[in-house]
$ cat start.pdb   # PDB, C-alpha atoms and all ligand atoms
ATOM      1  CA  MET A   1      47.771 -27.224 -74.606  1.00  0.00           C
ATOM      2  CA  TYR A   2      45.057 -27.209 -72.004  1.00  0.00           C
ATOM      3  CA  LYS A   3      42.217 -24.724 -71.568  1.00  0.00           C
ATOM      4  CA  ASN A   4      40.048 -24.001 -68.567  1.00  0.00           C
ATOM      5  CA  VAL A   5      36.578 -25.465 -68.978  1.00  0.00           C
ATOM      6  CA  SER A   6      33.281 -25.144 -67.180  1.00  0.00           C
ATOM      7  CA  ILE A   7      31.914 -28.113 -65.262  1.00  0.00           C
ATOM      8  CA  GLU A   8      28.623 -27.895 -67.191  1.00  0.00           C
ATOM      9  CA  ASP A   9      30.538 -28.433 -70.431  1.00  0.00           C
ATOM     10  CA  VAL A  10      32.491 -31.494 -69.304  1.00  0.00           C
ATOM     11  CA  ALA A  11      30.197 -33.213 -66.769  1.00  0.00           C
ATOM     12  CA  GLY A  12      28.847 -35.760 -69.286  1.00  0.00           C
ATOM     13  CA  LYS A  13      32.282 -36.818 -70.541  1.00  0.00           C
ATOM     14  CA  LEU A  14      33.582 -36.860 -66.977  1.00  0.00           C
ATOM     15  CA  VAL A  15      30.941 -39.287 -65.719  1.00  0.00           C
ATOM     16  CA  GLU A  16      31.253 -41.435 -68.842  1.00  0.00           C
ATOM     17  CA  GLN A  17      35.000 -41.873 -68.238  1.00  0.00           C
ATOM     18  CA  LEU A  18      34.666 -42.172 -64.464  1.00  0.00           C
ATOM     19  CA  LYS A  19      32.645 -45.360 -64.934  1.00  0.00           C
ATOM     20  CA  LYS A  20      35.573 -46.787 -66.919  1.00  0.00           C
ATOM     21  CA  GLY A  21      38.211 -45.485 -64.485  1.00  0.00           C
ATOM     22  CA  ALA A  22      40.012 -42.291 -63.501  1.00  0.00           C
ATOM     23  CA  PHE A  23      43.141 -41.516 -61.477  1.00  0.00           C
ATOM     24  CA  LEU A  24      42.771 -40.080 -57.981  1.00  0.00           C
ATOM     25  CA  THR A  25      46.073 -38.563 -56.866  1.00  0.00           C
ATOM     26  CA  VAL A  26      46.793 -37.614 -53.271  1.00  0.00           C
ATOM     27  CA  LYS A  27      49.778 -36.024 -51.588  1.00  0.00           C
ATOM     28  CA  SER A  28      50.724 -35.638 -47.955  1.00  0.00           C
ATOM     29  CA  GLN A  29      54.052 -33.961 -47.250  1.00  0.00           C
ATOM     30  CA  ASP A  30      56.613 -35.807 -49.419  1.00  0.00           C
ATOM     31  CA  LYS A  31      54.358 -38.832 -50.120  1.00  0.00           C
ATOM     32  CA  VAL A  32      52.336 -39.037 -53.332  1.00  0.00           C
ATOM     33  CA  ASN A  33      50.054 -41.904 -54.350  1.00  0.00           C
ATOM     34  CA  VAL A  34      47.611 -42.678 -57.123  1.00  0.00           C
ATOM     35  CA  MET A  35      44.692 -45.088 -57.246  1.00  0.00           C
ATOM     36  CA  THR A  36      41.961 -45.823 -59.746  1.00  0.00           C
ATOM     37  CA  ILE A  37      38.427 -44.722 -58.935  1.00  0.00           C
ATOM     38  CA  ALA A  38      35.135 -45.387 -60.676  1.00  0.00           C
ATOM     39  CA  TRP A  39      32.733 -44.002 -58.117  1.00  0.00           C
ATOM     40  CA  GLY A  40      32.282 -40.282 -57.615  1.00  0.00           C
ATOM     41  CA  THR A  41      29.895 -37.411 -58.054  1.00  0.00           C
ATOM     42  CA  VAL A  42      30.175 -34.046 -59.706  1.00  0.00           C
ATOM     43  CA  GLY A  43      27.719 -31.306 -58.745  1.00  0.00           C
ATOM     44  CA  TYR A  44      26.969 -27.985 -57.135  1.00  0.00           C
ATOM     45  CA  ILE A  45      26.804 -27.455 -53.345  1.00  0.00           C
ATOM     46  CA  TRP A  46      27.393 -24.393 -51.136  1.00  0.00           C
ATOM     47  CA  GLN A  47      27.494 -22.247 -54.310  1.00  0.00           C
ATOM     48  CA  LYS A  48      30.578 -24.170 -55.406  1.00  0.00           C
ATOM     49  CA  TYR A  49      31.326 -26.883 -57.958  1.00  0.00           C
ATOM     50  CA  ILE A  50      32.133 -30.033 -56.023  1.00  0.00           C
ATOM     51  CA  PHE A  51      33.625 -33.433 -56.834  1.00  0.00           C
ATOM     52  CA  ILE A  52      32.957 -36.140 -54.252  1.00  0.00           C
ATOM     53  CA  THR A  53      35.367 -39.060 -54.198  1.00  0.00           C
ATOM     54  CA  LEU A  54      34.707 -42.215 -52.150  1.00  0.00           C
ATOM     55  CA  VAL A  55      37.731 -43.890 -50.581  1.00  0.00           C
ATOM     56  CA  ARG A  56      37.593 -47.105 -48.557  1.00  0.00           C
ATOM     57  CA  GLN A  57      39.404 -47.031 -45.257  1.00  0.00           C
ATOM     58  CA  SER A  58      41.674 -49.936 -46.194  1.00  0.00           C
ATOM     59  CA  ARG A  59      43.383 -47.956 -48.988  1.00  0.00           C
ATOM     60  CA  TYR A  60      46.830 -46.434 -48.704  1.00  0.00           C
ATOM     61  CA  THR A  61      45.190 -43.456 -50.428  1.00  0.00           C
ATOM     62  CA  PHE A  62      42.967 -43.134 -47.357  1.00  0.00           C
ATOM     63  CA  GLU A  63      46.014 -42.661 -45.112  1.00  0.00           C
ATOM     64  CA  LEU A  64      47.270 -39.826 -47.302  1.00  0.00           C
ATOM     65  CA  ILE A  65      43.978 -38.079 -48.133  1.00  0.00           C
ATOM     66  CA  GLU A  66      43.182 -37.956 -44.413  1.00  0.00           C
ATOM     67  CA  ARG A  67      46.250 -35.757 -43.923  1.00  0.00           C
ATOM     68  CA  ALA A  68      45.941 -33.791 -47.188  1.00  0.00           C
ATOM     69  CA  THR A  69      44.090 -30.599 -48.020  1.00  0.00           C
ATOM     70  CA  SER A  70      43.536 -31.329 -51.715  1.00  0.00           C
ATOM     71  CA  PHE A  71      43.279 -34.091 -54.321  1.00  0.00           C
ATOM     72  CA  THR A  72      43.274 -34.232 -58.115  1.00  0.00           C
ATOM     73  CA  ILE A  73      41.339 -36.288 -60.652  1.00  0.00           C
ATOM     74  CA  SER A  74      43.026 -37.119 -63.973  1.00  0.00           C
ATOM     75  CA  LEU A  75      40.890 -38.583 -66.751  1.00  0.00           C
ATOM     76  CA  PRO A  76      42.192 -40.206 -69.937  1.00  0.00           C
ATOM     77  CA  LEU A  77      39.261 -39.754 -72.354  1.00  0.00           C
ATOM     78  CA  ASN A  78      40.657 -41.473 -75.433  1.00  0.00           C
ATOM     79  CA  GLY A  79      41.355 -45.010 -74.315  1.00  0.00           C
ATOM     80  CA  GLN A  80      44.958 -44.353 -73.290  1.00  0.00           C
ATOM     81  CA  LEU A  81      46.622 -45.502 -70.035  1.00  0.00           C
ATOM     82  CA  LYS A  82      44.295 -48.522 -69.736  1.00  0.00           C
ATOM     83  CA  GLU A  83      46.996 -50.761 -68.271  1.00  0.00           C
ATOM     84  CA  ALA A  84      47.937 -48.107 -65.733  1.00  0.00           C
ATOM     85  CA  LEU A  85      44.268 -47.740 -64.703  1.00  0.00           C
ATOM     86  CA  SER A  86      44.093 -51.452 -64.161  1.00  0.00           C
ATOM     87  CA  PHE A  87      47.399 -51.623 -62.235  1.00  0.00           C
ATOM     88  CA  CYS A  88      46.594 -48.624 -60.039  1.00  0.00           C
ATOM     89  CA  GLY A  89      43.204 -50.174 -59.258  1.00  0.00           C
ATOM     90  CA  THR A  90      44.613 -53.472 -58.058  1.00  0.00           C
ATOM     91  CA  ARG A  91      47.963 -52.720 -56.415  1.00  0.00           C
ATOM     92  CA  SER A  92      48.620 -50.686 -53.306  1.00  0.00           C
ATOM     93  CA  GLY A  93      51.083 -47.846 -52.994  1.00  0.00           C
ATOM     94  CA  ARG A  94      52.028 -49.397 -49.659  1.00  0.00           C
ATOM     95  CA  GLU A  95      53.814 -52.184 -51.530  1.00  0.00           C
ATOM     96  CA  VAL A  96      54.789 -50.733 -54.872  1.00  0.00           C
ATOM     97  CA  ASP A  97      55.686 -47.394 -56.457  1.00  0.00           C
ATOM     98  CA  LYS A  98      52.878 -47.235 -59.021  1.00  0.00           C
ATOM     99  CA  PHE A  99      54.382 -44.247 -60.840  1.00  0.00           C
ATOM    100  CA  ASP A 100      57.587 -46.158 -61.454  1.00  0.00           C
ATOM    101  CA  LYS A 101      55.900 -49.466 -62.371  1.00  0.00           C
ATOM    102  CA  CYS A 102      53.422 -47.831 -64.802  1.00  0.00           C
ATOM    103  CA  GLY A 103      55.806 -45.209 -66.177  1.00  0.00           C
ATOM    104  CA  LEU A 104      53.456 -42.457 -65.003  1.00  0.00           C
ATOM    105  CA  SER A 105      54.812 -38.921 -64.688  1.00  0.00           C
ATOM    106  CA  LEU A 106      53.439 -36.220 -62.437  1.00  0.00           C
ATOM    107  CA  LEU A 107      52.782 -32.660 -63.537  1.00  0.00           C
ATOM    108  CA  PRO A 108      52.259 -29.785 -61.132  1.00  0.00           C
ATOM    109  CA  ALA A 109      48.665 -28.646 -60.764  1.00  0.00           C
ATOM    110  CA  GLU A 110      47.806 -24.990 -61.258  1.00  0.00           C
ATOM    111  CA  LYS A 111      46.102 -24.175 -57.973  1.00  0.00           C
ATOM    112  CA  VAL A 112      46.577 -27.054 -55.527  1.00  0.00           C
ATOM    113  CA  ASP A 113      49.566 -28.771 -54.015  1.00  0.00           C
ATOM    114  CA  THR A 114      48.643 -32.210 -55.372  1.00  0.00           C
ATOM    115  CA  PRO A 115      50.008 -33.021 -58.850  1.00  0.00           C
ATOM    116  CA  VAL A 116      48.129 -34.529 -61.816  1.00  0.00           C
ATOM    117  CA  ILE A 117      48.991 -37.489 -64.065  1.00  0.00           C
ATOM    118  CA  ASP A 118      50.702 -36.630 -67.359  1.00  0.00           C
ATOM    119  CA  GLY A 119      49.000 -37.850 -70.540  1.00  0.00           C
ATOM    120  CA  CYS A 120      45.368 -37.352 -69.515  1.00  0.00           C
ATOM    121  CA  ASP A 121      42.769 -35.156 -71.244  1.00  0.00           C
ATOM    122  CA  LEU A 122      40.782 -33.724 -68.364  1.00  0.00           C
ATOM    123  CA  TYR A 123      42.018 -32.600 -64.960  1.00  0.00           C
ATOM    124  CA  LEU A 124      40.088 -31.532 -61.864  1.00  0.00           C
ATOM    125  CA  GLU A 125      41.971 -29.788 -59.084  1.00  0.00           C
ATOM    126  CA  CYS A 126      40.049 -30.120 -55.829  1.00  0.00           C
ATOM    127  CA  GLN A 127      40.459 -28.410 -52.479  1.00  0.00           C
ATOM    128  CA  THR A 128      39.042 -30.689 -49.797  1.00  0.00           C
ATOM    129  CA  ILE A 129      36.399 -28.799 -47.849  1.00  0.00           C
ATOM    130  CA  TYR A 130      34.343 -31.514 -46.156  1.00  0.00           C
ATOM    131  CA  LYS A 131      34.371 -35.230 -45.439  1.00  0.00           C
ATOM    132  CA  LEU A 132      31.723 -37.698 -44.443  1.00  0.00           C
ATOM    133  CA  PRO A 133      32.358 -41.248 -43.236  1.00  0.00           C
ATOM    134  CA  MET A 134      29.550 -43.588 -44.284  1.00  0.00           C
ATOM    135  CA  GLN A 135      27.139 -44.579 -41.550  1.00  0.00           C
ATOM    136  CA  PRO A 136      26.425 -48.297 -42.033  1.00  0.00           C
ATOM    137  CA  GLU A 137      23.178 -48.140 -40.074  1.00  0.00           C
ATOM    138  CA  LEU A 138      21.732 -45.749 -42.666  1.00  0.00           C
ATOM    139  CA  LEU A 139      22.521 -48.030 -45.607  1.00  0.00           C
ATOM    140  CA  PRO A 140      19.927 -50.421 -47.095  1.00  0.00           C
ATOM    141  CA  GLU A 141      20.756 -54.062 -46.268  1.00  0.00           C
ATOM    142  CA  GLN A 142      20.952 -54.934 -49.944  1.00  0.00           C
ATOM    143  CA  LEU A 143      23.762 -52.417 -50.580  1.00  0.00           C
ATOM    144  CA  LYS A 144      25.542 -53.521 -47.416  1.00  0.00           C
ATOM    145  CA  LYS A 145      25.475 -57.105 -48.622  1.00  0.00           C
ATOM    146  CA  SER A 146      26.588 -56.243 -52.157  1.00  0.00           C
ATOM    147  CA  PHE A 147      29.383 -53.788 -51.385  1.00  0.00           C
ATOM    148  CA  TYR A 148      30.393 -53.892 -47.711  1.00  0.00           C
ATOM    149  CA  SER A 149      30.400 -57.529 -46.564  1.00  0.00           C
ATOM    150  CA  ASN A 150      33.868 -56.939 -45.060  1.00  0.00           C
ATOM    151  CA  ASP A 151      32.864 -53.686 -43.296  1.00  0.00           C
ATOM    152  CA  ASP A 152      35.351 -51.697 -45.390  1.00  0.00           C
ATOM    153  CA  TYR A 153      33.206 -48.584 -45.671  1.00  0.00           C
ATOM    154  CA  HIS A 154      33.940 -45.507 -47.752  1.00  0.00           C
ATOM    155  CA  VAL A 155      34.702 -42.042 -46.543  1.00  0.00           C
ATOM    156  CA  LEU A 156      33.332 -39.359 -48.874  1.00  0.00           C
ATOM    157  CA  TYR A 157      35.673 -36.426 -49.525  1.00  0.00           C
ATOM    158  CA  PHE A 158      34.085 -33.274 -50.924  1.00  0.00           C
ATOM    159  CA  GLY A 159      36.504 -31.309 -53.075  1.00  0.00           C
ATOM    160  CA  GLU A 160      35.775 -27.819 -54.311  1.00  0.00           C
ATOM    161  CA  ILE A 161      36.792 -27.895 -57.973  1.00  0.00           C
ATOM    162  CA  VAL A 162      39.099 -24.899 -58.133  1.00  0.00           C
ATOM    163  CA  THR A 163      40.306 -25.635 -61.667  1.00  0.00           C
ATOM    164  CA  ALA A 164      39.025 -27.864 -64.484  1.00  0.00           C
ATOM    165  CA  ARG A 165      41.311 -28.138 -67.511  1.00  0.00           C
ATOM    166  CA  MET A 166      40.768 -29.993 -70.784  1.00  0.00           C
ATOM    167  CA  LYS A 167      43.210 -30.807 -73.585  1.00  0.00           C
ATOM    168  CA  GLU A 168      42.569 -28.652 -76.657  1.00  0.00           C
TER
HETATM  169  C1  LIG B   1      37.929 -49.575 -62.062  1.00  0.00           C
HETATM  170  C2  LIG B   1      38.246 -49.466 -60.587  1.00  0.00           C
HETATM  171  C3  LIG B   1      37.572 -48.527 -59.813  1.00  0.00           C
HETATM  172  C4  LIG B   1      37.833 -48.379 -58.447  1.00  0.00           C
HETATM  173  N1  LIG B   1      37.161 -47.425 -57.726  1.00  0.00           N
HETATM  174  C5  LIG B   1      37.433 -47.258 -56.412  1.00  0.00           C
HETATM  175  C6  LIG B   1      36.796 -46.218 -55.662  1.00  0.00           C
HETATM  176  O1  LIG B   1      36.002 -45.399 -56.185  1.00  0.00           O
HETATM  177  N2  LIG B   1      37.077 -46.127 -54.331  1.00  0.00           N
HETATM  178  C7  LIG B   1      37.953 -46.983 -53.696  1.00  0.00           C
HETATM  179  O2  LIG B   1      38.179 -46.863 -52.485  1.00  0.00           O
HETATM  180  N3  LIG B   1      38.584 -47.971 -54.406  1.00  0.00           N
HETATM  181  C8  LIG B   1      38.368 -48.108 -55.735  1.00  0.00           C
HETATM  182  N4  LIG B   1      39.029 -49.065 -56.462  1.00  0.00           N
HETATM  183  C9  LIG B   1      40.024 -49.921 -55.801  1.00  0.00           C
HETATM  184  C10 LIG B   1      41.381 -49.220 -55.604  1.00  0.00           C
HETATM  185  O3  LIG B   1      41.784 -48.540 -56.767  1.00  0.00           O
HETATM  186  C11 LIG B   1      42.446 -50.293 -55.250  1.00  0.00           C
HETATM  187  O4  LIG B   1      42.089 -50.958 -54.072  1.00  0.00           O
HETATM  188  C12 LIG B   1      43.852 -49.725 -55.137  1.00  0.00           C
HETATM  189  O5  LIG B   1      44.754 -50.815 -55.199  1.00  0.00           O
HETATM  190  C13 LIG B   1      44.077 -48.943 -53.857  1.00  0.00           C
HETATM  191  O6  LIG B   1      45.393 -48.442 -53.887  1.00  0.00           O
HETATM  192  P1  LIG B   1      46.138 -47.803 -52.631  1.00  0.00           P
HETATM  193  O7  LIG B   1      46.191 -48.855 -51.539  1.00  0.00           O
HETATM  194  O8  LIG B   1      47.506 -47.460 -53.180  1.00  0.00           O
HETATM  195  O9  LIG B   1      45.364 -46.608 -52.225  1.00  0.00           O
HETATM  196  C14 LIG B   1      38.788 -49.212 -57.830  1.00  0.00           C
HETATM  197  C15 LIG B   1      39.459 -50.179 -58.601  1.00  0.00           C
HETATM  198  C16 LIG B   1      39.201 -50.292 -59.960  1.00  0.00           C
HETATM  199  C17 LIG B   1      39.955 -51.325 -60.775  1.00  0.00           C
END
$ encode --input "start.pdb" --output "structure tokens" --more "lines below"
Ligand SMILES: Cc1cc2nc3c(=O)[nH]c(=O)nc-3n(C[C@H](O)[C@H](O)[C@H](O)COP(=O)(O)O)c2cc1C
Amino acid sequence: MYKNVSIEDVAGKLVEQLKKGAFLTVKSQDKVNVMTIAWGTVGYIWQKYIFITLVRQSRYTFELIERATSFTISLPLNGQLKEALSFCGTRSGREVDKFDKCGLSLLPAEKVDTPVIDGCDLYLECQTIYKLPMQPELLPEQLKKSFYSNDDYHVLYFGEIVTARMKE
């Protein structure tokens, strides 16, 4: 059973797990893909709770999220699905069906079109309301050198968190 939770109540756990890995699921028409993320921000903007996910332009996920209106974040908080997090963070949905290979099942979300990953403890359902491609010229040289030597910059997608659900 899952219950709706407030962002204030789960923000700490969310960030703690995010650093270890979470599933970002995207859907465009009949195509669904999942990739592991570790970077993201949860906060409050425009009088809404927002999750910002950062997706590099080389990802298959980028192709889909560009055409989508929502995304979901699925977080396993108890050490489960570690192998799947690793696989989905190293293999592309362009070449392999990650759901099939990892034995991951999709569950419908409550309020958005994009499904969530079965077996996780915390789900965020996000309606995409803004996006922001990184501007390399605004980035300190040190960060450019450390994270963008191949010019594969992130696009930031701002999702209004329309539902947050936690396993009871
Ligand atoms: C722990 C971990 C965290 C990651 N975080 C991100 C991230 O926040 N943004 C991103 O663009 N890629 C991130 N990646 C890399 C993607 O998950 C990886 O390139 C994936 O294979 C892309 O899949 P796709 O081509 O199916 O979209 C991460 C990988 C790992 C292992």
$ residues_near_ligand --input "start.pdb" --ligand "ligand LIG 1 (chain B)" --cutoff "6 Å" --atoms "all atoms listed in the file" --output "PyMOL selection string"
chain A and resi 21+35-39+54-56+59-61+86+88-93
$ resolve_selection --input "start.pdb" --expression "the PyMOL selection byres (((chain A and resi 118-126) around 6) and not hetatm)" --output "ChimeraX atom specification"
/A:70-77,105-107,117,127,159-167
$ write_last_selection --input "start.pdb" --atoms "C-alpha atoms" --output "short mmCIF file (atom, residue, chain, number, x, y, z; two decimals), keeping the file's coordinate frame"
data_model
loop_
_atom_site.label_atom_id
_atom_site.label_comp_id
_atom_site.auth_asym_id
_atom_site.auth_seq_id
_atom_site.Cartn_x
_atom_site.Cartn_y
_atom_site.Cartn_z
CA SER A 70 43.54 -31.33 -51.72
CA PHE A 71 43.28 -34.09 -54.32
CA THR A 72 43.27 -34.23 -58.12
CA ILE A 73 41.34 -36.29 -60.65
CA SER A 74 43.03 -37.12 -63.97
CA LEU A 75 40.89 -38.58 -66.75
CA PRO A 76 42.19 -40.21 -69.94
CA LEU A 77 39.26 -39.75 -72.35
CA SER A 105 54.81 -38.92 -64.69
CA LEU A 106 53.44 -36.22 -62.44
CA LEU A 107 52.78 -32.66 -63.54
CA ILE A 117 48.99 -37.49 -64.06
CA GLN A 127 40.46 -28.41 -52.48
CA GLY A 159 36.50 -31.31 -53.08
CA GLU A 160 35.78 -27.82 -54.31
CA ILE A 161 36.79 -27.90 -57.97
CA VAL A 162 39.10 -24.90 -58.13
CA THR A 163 40.31 -25.64 -61.67
CA ALA A 164 39.02 -27.86 -64.48
CA ARG A 165 41.31 -28.14 -67.51
CA MET A 166 40.77 -29.99 -70.78
CA LYS A 167 43.21 -30.81 -73.58
#
$ axis_aligned_box --input "start.pdb" --around "stretch 36-39 of chain A" --padding-each-side "6 Å" --output "lines of an AutoDock Vina configuration file"
center_x = 37.3
center_y = -44.9
center_z = -59.4
size_x = 21.2
size_y = 13.8
size_z = 14.6
$ atom_distance --input "start.pdb" --atom1 "atom CA of A:Ala11" --atom2 "atom CA of A:Leu156"
19.2 Å
$ resolve_selection --input "start.pdb" --expression "the PyMOL selection byres (((chain A and resi 29-31) around 9) and not hetatm)" --output "PDB file with C-alpha atoms, in the frame of the given file"
ATOM      1  CA  VAL A  26      46.793 -37.614 -53.271  1.00  0.00           C
ATOM      2  CA  LYS A  27      49.778 -36.024 -51.588  1.00  0.00           C
ATOM      3  CA  SER A  28      50.724 -35.638 -47.955  1.00  0.00           C
ATOM      4  CA  VAL A  32      52.336 -39.037 -53.332  1.00  0.00           C
ATOM      5  CA  ASN A  33      50.054 -41.904 -54.350  1.00  0.00           C
ATOM      6  CA  LEU A  64      47.270 -39.826 -47.302  1.00  0.00           C
ATOM      7  CA  ARG A  67      46.250 -35.757 -43.923  1.00  0.00           C
ATOM      8  CA  ALA A  68      45.941 -33.791 -47.188  1.00  0.00           C
TER       9      ALA A  68
END
$ residues_around --input "start.pdb" --residues "A:Val155" --least-positions-apart "3" --cutoff "9 Å" --atoms "only C-alpha atoms" --output "VMD selection string"
chain A and resid 53 to 57 62 131 to 134
$ closest_residue --input "start.pdb" --among "A:Tyr130, A:Phe51, A:Tyr44, A:Phe23" --to "A:Phe87" --atoms "only C-alpha atoms"
A:Phe23
$ atom_distance --input "start.pdb" --atom1 "atom CA of A:Ile45" --atom2 "atom CA of A:Tyr153"
23.4 Å
$ atom_distance --input "start.pdb" --atom1 "atom CA of A:Tyr2" --atom2 "atom CA of A:Glu168"
5.5 Å
$ closest_residue --input "start.pdb" --among "A:Ser6, A:Gln47, A:Ser58, A:Gln80" --to "A:His154" --atoms "only C-alpha atoms"
A:Ser58
$ closest_residue --input "start.pdb" --among "A:Gln17, A:Asn150, A:Thr41, A:Gln142" --to "A:Leu85" --atoms "only C-alpha atoms"
A:Gln17
$ closest_residue --input "start.pdb" --among "A:Val96, A:Val15, A:Leu104, A:Ile7" --to "A:Lys48" --atoms "all atoms listed in the file"
A:Ile7
$ closest_residue --input "start.pdb" --among "A:Glu137, A:Glu16, A:Glu8, A:Glu63" --to "A:Gly43" --atoms "all atoms listed in the file"
A:Glu8
$ closest_residue --input "start.pdb" --among "A:Glu83, A:Asp152, A:Asp9, A:Asp113" --to "A:Lys101" --atoms "only C-alpha atoms"
A:Glu83
$ build_atoms --input "start.pdb" --residues "stretch 79-95 of chain A" --atoms "N, CA, C and O atoms" --output "PDB file, in the frame of the given file"
ATOM      1  N   GLY A  79      40.957 -43.595 -74.360  1.00  0.00           N
ATOM      2  CA  GLY A  79      41.355 -45.010 -74.315  1.00  0.00           C
ATOM      3  C   GLY A  79      42.812 -45.242 -73.943  1.00  0.00           C
ATOM      4  O   GLY A  79      43.269 -46.391 -73.916  1.00  0.00           O
ATOM      5  N   GLN A  80      43.547 -44.161 -73.657  1.00  0.00           N
ATOM      6  CA  GLN A  80      44.958 -44.353 -73.290  1.00  0.00           C
ATOM      7  C   GLN A  80      45.094 -44.737 -71.806  1.00  0.00           C
ATOM      8  O   GLN A  80      44.130 -44.625 -71.049  1.00  0.00           O
ATOM      9  N   LEU A  81      46.258 -45.195 -71.438  1.00  0.00           N
ATOM     10  CA  LEU A  81      46.622 -45.502 -70.035  1.00  0.00           C
ATOM     11  C   LEU A  81      45.723 -46.583 -69.405  1.00  0.00           C
ATOM     12  O   LEU A  81      45.553 -46.625 -68.188  1.00  0.00           O
ATOM     13  N   LYS A  82      45.195 -47.472 -70.252  1.00  0.00           N
ATOM     14  CA  LYS A  82      44.295 -48.522 -69.736  1.00  0.00           C
ATOM     15  C   LYS A  82      45.009 -49.458 -68.775  1.00  0.00           C
ATOM     16  O   LYS A  82      44.466 -49.854 -67.748  1.00  0.00           O
ATOM     17  N   GLU A  83      46.250 -49.835 -69.137  1.00  0.00           N
ATOM     18  CA  GLU A  83      46.996 -50.761 -68.271  1.00  0.00           C
ATOM     19  C   GLU A  83      47.301 -50.112 -66.928  1.00  0.00           C
ATOM     20  O   GLU A  83      47.261 -50.763 -65.888  1.00  0.00           O
ATOM     21  N   ALA A  84      47.630 -48.824 -66.982  1.00  0.00           N
ATOM     22  CA  ALA A  84      47.937 -48.107 -65.733  1.00  0.00           C
ATOM     23  C   ALA A  84      46.683 -48.026 -64.856  1.00  0.00           C
ATOM     24  O   ALA A  84      46.759 -48.194 -63.634  1.00  0.00           O
ATOM     25  N   LEU A  85      45.519 -47.795 -65.487  1.00  0.00           N
ATOM     26  CA  LEU A  85      44.268 -47.740 -64.703  1.00  0.00           C
ATOM     27  C   LEU A  85      44.020 -49.077 -64.013  1.00  0.00           C
ATOM     28  O   LEU A  85      43.610 -49.127 -62.857  1.00  0.00           O
ATOM     29  N   SER A  86      44.316 -50.132 -64.729  1.00  0.00           N
ATOM     30  CA  SER A  86      44.093 -51.452 -64.161  1.00  0.00           C
ATOM     31  C   SER A  86      45.095 -51.721 -63.023  1.00  0.00           C
ATOM     32  O   SER A  86      44.714 -52.177 -61.932  1.00  0.00           O
ATOM     33  N   PHE A  87      46.361 -51.402 -63.254  1.00  0.00           N
ATOM     34  CA  PHE A  87      47.399 -51.623 -62.235  1.00  0.00           C
ATOM     35  C   PHE A  87      47.109 -50.792 -60.980  1.00  0.00           C
ATOM     36  O   PHE A  87      47.176 -51.296 -59.857  1.00  0.00           O
ATOM     37  N   CYS A  88      46.799 -49.523 -61.189  1.00  0.00           N
ATOM     38  CA  CYS A  88      46.594 -48.624 -60.039  1.00  0.00           C
ATOM     39  C   CYS A  88      45.292 -48.934 -59.298  1.00  0.00           C
ATOM     40  O   CYS A  88      45.066 -48.422 -58.202  1.00  0.00           O
ATOM     41  N   GLY A  89      44.453 -49.769 -59.897  1.00  0.00           N
ATOM     42  CA  GLY A  89      43.204 -50.174 -59.258  1.00  0.00           C
ATOM     43  C   GLY A  89      43.303 -51.524 -58.576  1.00  0.00           C
ATOM     44  O   GLY A  89      42.323 -52.011 -58.000  1.00  0.00           O
ATOM     45  N   THR A  90      44.477 -52.141 -58.656  1.00  0.00           N
ATOM     46  CA  THR A  90      44.613 -53.472 -58.058  1.00  0.00           C
ATOM     47  C   THR A  90      45.831 -53.589 -57.146  1.00  0.00           C
ATOM     48  O   THR A  90      45.934 -54.535 -56.370  1.00  0.00           O
ATOM     49  N   ARG A  91      46.751 -52.662 -57.242  1.00  0.00           N
ATOM     50  CA  ARG A  91      47.963 -52.720 -56.415  1.00  0.00           C
ATOM     51  C   ARG A  91      48.009 -51.527 -55.472  1.00  0.00           C
ATOM     52  O   ARG A  91      47.549 -50.440 -55.823  1.00  0.00           O
ATOM     53  N   SER A  92      48.575 -51.761 -54.300  1.00  0.00           N
ATOM     54  CA  SER A  92      48.620 -50.686 -53.306  1.00  0.00           C
ATOM     55  C   SER A  92      49.962 -49.967 -53.298  1.00  0.00           C
ATOM     56  O   SER A  92      51.016 -50.601 -53.394  1.00  0.00           O
ATOM     57  N   GLY A  93      49.886 -48.673 -53.122  1.00  0.00           N
ATOM     58  CA  GLY A  93      51.083 -47.846 -52.994  1.00  0.00           C
ATOM     59  C   GLY A  93      51.886 -48.157 -51.735  1.00  0.00           C
ATOM     60  O   GLY A  93      53.003 -47.700 -51.571  1.00  0.00           O
ATOM     61  N   ARG A  94      51.269 -48.954 -50.842  1.00  0.00           N
ATOM     62  CA  ARG A  94      52.028 -49.397 -49.659  1.00  0.00           C
ATOM     63  C   ARG A  94      53.130 -50.360 -50.067  1.00  0.00           C
ATOM     64  O   ARG A  94      54.162 -50.434 -49.434  1.00  0.00           O
ATOM     65  N   GLU A  95      52.869 -51.131 -51.141  1.00  0.00           N
ATOM     66  CA  GLU A  95      53.814 -52.184 -51.530  1.00  0.00           C
ATOM     67  C   GLU A  95      54.626 -51.857 -52.763  1.00  0.00           C
ATOM     68  O   GLU A  95      55.680 -52.429 -52.982  1.00  0.00           O
TER      69      GLU A  95
END
